[in-house]
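Engineer: Before we start, here is the structure in question, set down as structure tokens.
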Amino acid sequence: MAAGPEGAAPKVTTATLRAMKARGERIAALTCYDHLFAGLLDQAGVDVLLVGDSVATVMQGRDSTVPVTMDQMVYHCELVTRGAARALVVGDLPFLSYQVSIEDALRNAGRLMKEGQVEAVKLEGGREFVPTVARLCAAGIPVMGHLGLTPQSIHQFGTYKTRGTDAAEQDALVEDAVALADAGAFAIVLEKVPAALGKRMAEAVPVPIIGIGAGPHTDGQILVTADMLGMFTRFQPRFVRRYRELATEIGQAIGEYCKDVRDGGFPSDAESY
Ligand code: KIV
């Protein structure tokens, strides 16, 4: 890990993650979209904060991640990077910000780094993006890959079902992971595939495979924070473990507040001037 300010925990870098894999230490990653949560997650010891394009479904009320824009991603990245001291902050390149041309990818990844201040970017897709990944890396932009279920392609696949369920698709995913790692990707998110494939892919590449619904054998795990805190309850994929039921607790707290306001119980003398 790189040295941080005196007394502060050392900053997590892409090199830290590689070293963690080499030592067999698991990486704990979560999504984050704002400054408040960035501080909470960072202080709780999360290694990687992903400013995911899932902000579209979780925070913007969209049906998929497709509509979120570059400007919106830059904005959320900037909020998160101002709140995180230790964690590596990765910004998601949104749909069509990197697929049209390598020049677009470079310009947009550069915006996430220069304006959003992230330390790395993530893009979805396999060997077809090898030239893009190589060019970004050559420009000094660390790239995290994303294989398996790739939500930006939902309209092409038509379903969020498990990926890599037959031998041909499994072999193709392993080849994609090797190609991305060879092109310079420092880590790869692997979403919704059988656990055995998660294990095979983690063994196939020297860079960390960070699983979400990819079983227990990957080099790390990532979840959407609002899912694991029980705040986002519209649906619950099987791979989500809810560590709290905050939607219920928040509802109770707000209900108590409304009652106190209405019956004069809030504010008290101690809460008044
Ligand atoms: O956008 C996102 O939140 C993601 C995670 C699900 C890995 O890509």
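Just so we're on the same page: first chain in the structure tokens is A, next is B, and so on; residues restart at 1 for each chain, and ligands are numbered from 1 in the order they show up.
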Ligand 1: which residues are within 6 Å, counting only C-alpha atoms and all ligand atoms? Reply as a PyMOL selection string.
Structural biologist: chain A and resi 31+52-54+224
Engineer: Which residues are close to region 175-185 of chain A, i.e. within 10 Å by only C-alpha atoms, leaving aside same-chain residues fewer than 6 positions away? Reply as a ChimeraX atom specification.
Structural biologist: /A:14,121-122,125-138,141-148,169,201-202,204-209
Engineer: Please provide the set of residues having any atom within 12 Å of Arg234 (chain A), restricted to only C-alpha atoms, with same-chain residues fewer than 3 positions apart removed, written as a ChimeraX atom specification.
Structural biologist: /A:57-58,61-63,226-227,230-231,237,247
Engineer: Go ahead and write the residues just picked, all heavy atoms, as a PDB file, in the first residue's frame.
Structural biologist:
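Output (out.pdb):
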ATOM      1  N   THR A  57     -30.098   2.774 -11.461  1.00  0.00           N
ATOM      2  CA  THR A  57     -31.234   2.003 -10.931  1.00  0.00           C
ATOM      3  C   THR A  57     -31.464   2.289  -9.444  1.00  0.00           C
ATOM      4  O   THR A  57     -32.593   2.366  -8.990  1.00  0.00           O
ATOM      5  CB  THR A  57     -31.005   0.491 -11.142  1.00  0.00           C
ATOM      6  OG1 THR A  57     -29.693   0.153 -10.700  1.00  0.00           O
ATOM      7  CG2 THR A  57     -31.170   0.110 -12.593  1.00  0.00           C
ATOM      8  N   VAL A  58     -30.354   2.480  -8.705  1.00  0.00           N
ATOM      9  CA  VAL A  58     -30.475   2.608  -7.246  1.00  0.00           C
ATOM     10  C   VAL A  58     -30.914   4.017  -6.833  1.00  0.00           C
ATOM     11  O   VAL A  58     -31.776   4.182  -5.970  1.00  0.00           O
ATOM     12  CB  VAL A  58     -29.133   2.253  -6.559  1.00  0.00           C
ATOM     13  CG1 VAL A  58     -29.218   2.457  -5.052  1.00  0.00           C
ATOM     14  CG2 VAL A  58     -28.743   0.822  -6.880  1.00  0.00           C
ATOM     15  N   GLY A  61     -33.825   5.837 -10.058  1.00  0.00           N
ATOM     16  CA  GLY A  61     -35.117   5.194 -10.316  1.00  0.00           C
ATOM     17  C   GLY A  61     -35.284   4.704 -11.746  1.00  0.00           C
ATOM     18  O   GLY A  61     -36.411   4.530 -12.223  1.00  0.00           O
ATOM     19  N   ARG A  62     -34.168   4.453 -12.443  1.00  0.00           N
ATOM     20  CA  ARG A  62     -34.242   3.947 -13.820  1.00  0.00           C
ATOM     21  C   ARG A  62     -34.416   2.429 -13.817  1.00  0.00           C
ATOM     22  O   ARG A  62     -34.082   1.769 -12.834  1.00  0.00           O
ATOM     23  CB  ARG A  62     -32.949   4.275 -14.573  1.00  0.00           C
ATOM     24  CG  ARG A  62     -32.562   5.731 -14.551  1.00  0.00           C
ATOM     25  CD  ARG A  62     -33.409   6.518 -15.505  1.00  0.00           C
ATOM     26  NE  ARG A  62     -32.798   7.800 -15.809  1.00  0.00           N
ATOM     27  CZ  ARG A  62     -33.216   8.594 -16.776  1.00  0.00           C
ATOM     28  NH1 ARG A  62     -34.248   8.259 -17.513  1.00  0.00           N
ATOM     29  NH2 ARG A  62     -32.615   9.735 -16.991  1.00  0.00           N
ATOM     30  N   ASP A  63     -34.847   1.884 -14.967  1.00  0.00           N
ATOM     31  CA  ASP A  63     -35.039   0.434 -15.076  1.00  0.00           C
ATOM     32  C   ASP A  63     -33.753  -0.303 -15.420  1.00  0.00           C
ATOM     33  O   ASP A  63     -33.672  -1.522 -15.289  1.00  0.00           O
ATOM     34  CB  ASP A  63     -36.070   0.120 -16.174  1.00  0.00           C
ATOM     35  CG  ASP A  63     -37.465   0.508 -15.725  1.00  0.00           C
ATOM     36  OD1 ASP A  63     -37.695   0.517 -14.494  1.00  0.00           O
ATOM     37  OD2 ASP A  63     -38.303   0.812 -16.584  1.00  0.00           O
ATOM     38  N   ALA A 226     -26.572  -0.358  -1.235  1.00  0.00           N
ATOM     39  CA  ALA A 226     -27.990  -0.218  -0.874  1.00  0.00           C
ATOM     40  C   ALA A 226     -28.688  -1.576  -0.799  1.00  0.00           C
ATOM     41  O   ALA A 226     -29.670  -1.740  -0.065  1.00  0.00           O
ATOM     42  CB  ALA A 226     -28.691   0.688  -1.876  1.00  0.00           C
ATOM     43  N   ASP A 227     -28.177  -2.564  -1.546  1.00  0.00           N
ATOM     44  CA  ASP A 227     -28.727  -3.927  -1.468  1.00  0.00           C
ATOM     45  C   ASP A 227     -28.349  -4.575  -0.139  1.00  0.00           C
ATOM     46  O   ASP A 227     -29.185  -5.135   0.564  1.00  0.00           O
ATOM     47  CB  ASP A 227     -28.163  -4.811  -2.592  1.00  0.00           C
ATOM     48  CG  ASP A 227     -28.759  -4.524  -3.959  1.00  0.00           C
ATOM     49  OD1 ASP A 227     -29.822  -3.880  -4.031  1.00  0.00           O
ATOM     50  OD2 ASP A 227     -28.145  -4.949  -4.960  1.00  0.00           O
ATOM     51  N   GLY A 230     -30.062  -3.411   2.893  1.00  0.00           N
ATOM     52  CA  GLY A 230     -31.527  -3.551   2.913  1.00  0.00           C
ATOM     53  C   GLY A 230     -32.238  -2.226   2.704  1.00  0.00           C
ATOM     54  O   GLY A 230     -33.328  -2.002   3.216  1.00  0.00           O
ATOM     55  N   MET A 231     -31.610  -1.325   1.931  1.00  0.00           N
ATOM     56  CA  MET A 231     -32.241  -0.029   1.636  1.00  0.00           C
ATOM     57  C   MET A 231     -32.968  -0.092   0.297  1.00  0.00           C
ATOM     58  O   MET A 231     -33.977   0.562   0.094  1.00  0.00           O
ATOM     59  CB  MET A 231     -31.186   1.080   1.571  1.00  0.00           C
ATOM     60  CG  MET A 231     -30.485   1.325   2.884  1.00  0.00           C
ATOM     61  SD  MET A 231     -29.120   2.473   2.678  1.00  0.00           S
ATOM     62  CE  MET A 231     -29.990   4.029   2.731  1.00  0.00           C
ATOM     63  N   PRO A 237     -31.629  -9.977  -5.771  1.00  0.00           N
ATOM     64  CA  PRO A 237     -30.976 -11.125  -6.407  1.00  0.00           C
ATOM     65  C   PRO A 237     -30.520 -12.112  -5.328  1.00  0.00           C
ATOM     66  O   PRO A 237     -30.207 -11.707  -4.197  1.00  0.00           O
ATOM     67  CB  PRO A 237     -29.769 -10.524  -7.117  1.00  0.00           C
ATOM     68  CG  PRO A 237     -29.998  -9.051  -7.161  1.00  0.00           C
ATOM     69  CD  PRO A 237     -30.911  -8.724  -6.015  1.00  0.00           C
ATOM     70  N   ALA A 247     -34.192  -0.165   5.270  1.00  0.00           N
ATOM     71  CA  ALA A 247     -35.440   0.429   4.764  1.00  0.00           C
ATOM     72  C   ALA A 247     -36.490   0.397   5.867  1.00  0.00           C
ATOM     73  O   ALA A 247     -37.211   1.380   6.100  1.00  0.00           O
ATOM     74  CB  ALA A 247     -35.926  -0.302   3.520  1.00  0.00           C
TER      75      ALA A 247
END
Engineer: Compare A:Leu197, A:Ala270, A:Ala85, A:His217 by their minimum atom-to-atom distance to Ala172 (chain A), counting only C-alpha atoms, and give me the closest one.
Structural biologist: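 Between A:Leu197, A:Ala270, A:Ala85, A:His217, the residue approaching Ala172 (chain A) most closely is A:Leu197.
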Engineer: Could I get the residues of region 101-216 of chain A with an atom no further than 8 Å from an atom of region 76-80 of chain A, each paired with its nearest atom pair and that distance in Å to one decimal, using only C-alpha atoms, sorted by chain and residue number, as JSON lines?
Structural biologist:
{"residue": "A:Leu112", "atom": "CA", "partner": "A:Cys77", "partner_atom": "CA", "distance": 7.0}
{"residue": "A:Glu115", "atom": "CA", "partner": "A:Glu78", "partner_atom": "CA", "distance": 6.9}
{"residue": "A:Gly116", "atom": "CA", "partner": "A:Glu78", "partner_atom": "CA", "distance": 4.1}
{"residue": "A:Gln117", "atom": "CA", "partner": "A:Glu78", "partner_atom": "CA", "distance": 6.1}
{"residue": "A:Val118", "atom": "CA", "partner": "A:Cys77", "partner_atom": "CA", "distance": 6.4}
Engineer: Filtering to N, CA and C atoms, could you give me those residues as a short mmCIF file (atom, residue, chain, number, x, y, z; two decimals), in the first residue's frame?
Structural biologist:
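Ended up saving to result.cif:
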data_model
loop_
_atom_site.label_atom_id
_atom_site.label_comp_id
_atom_site.auth_asym_id
_atom_site.auth_seq_id
_atom_site.Cartn_x
_atom_site.Cartn_y
_atom_site.Cartn_z
N LEU A 112 -13.30 11.15 -16.06
CA LEU A 112 -13.55 10.57 -14.73
C LEU A 112 -12.34 10.78 -13.82
N GLU A 115 -11.73 15.22 -13.70
CA GLU A 115 -12.81 15.97 -13.05
C GLU A 115 -13.38 15.19 -11.85
N GLY A 116 -13.54 13.87 -12.04
CA GLY A 116 -14.11 13.05 -10.94
C GLY A 116 -13.06 12.62 -9.94
N GLN A 117 -11.78 12.73 -10.32
CA GLN A 117 -10.64 12.43 -9.43
C GLN A 117 -10.54 10.96 -9.03
N VAL A 118 -11.17 10.05 -9.82
CA VAL A 118 -11.05 8.62 -9.50
C VAL A 118 -9.64 8.15 -9.84
#
Engineer: At what distance in Å, to one decimal, does CA of Ile27 (chain A) lie from CA of Gly211 (chain A)?
Structural biologist: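 Between CA of Gly211 (chain A) and CA of Ile27 (chain A) the gap works out to 9.8 Å.
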Engineer: List every residue of region 142-227 of chain A that DSSP, applied to the backbone of this structure, assigns to alpha helix (DSSP H), and report them as a VMD selection string.
Structural biologist: chain A and resid 154 to 157 167 to 183 195 to 204 225 to 227
Engineer: Would you mind writing down, as a PyMOL selection string, each residue of region 72-124 of chain A that DSSP on the backbone assigns to strand (DSSP E)?
Structural biologist: chain A and resi 88-92+120-122
Engineer: My list of candidates is A:Gln170, A:Val189, A:Thr65, A:Gly164. Which is closest to Leu123 (chain A) when distances are computed with only C-alpha atoms?
Structural biologist: A:Val189
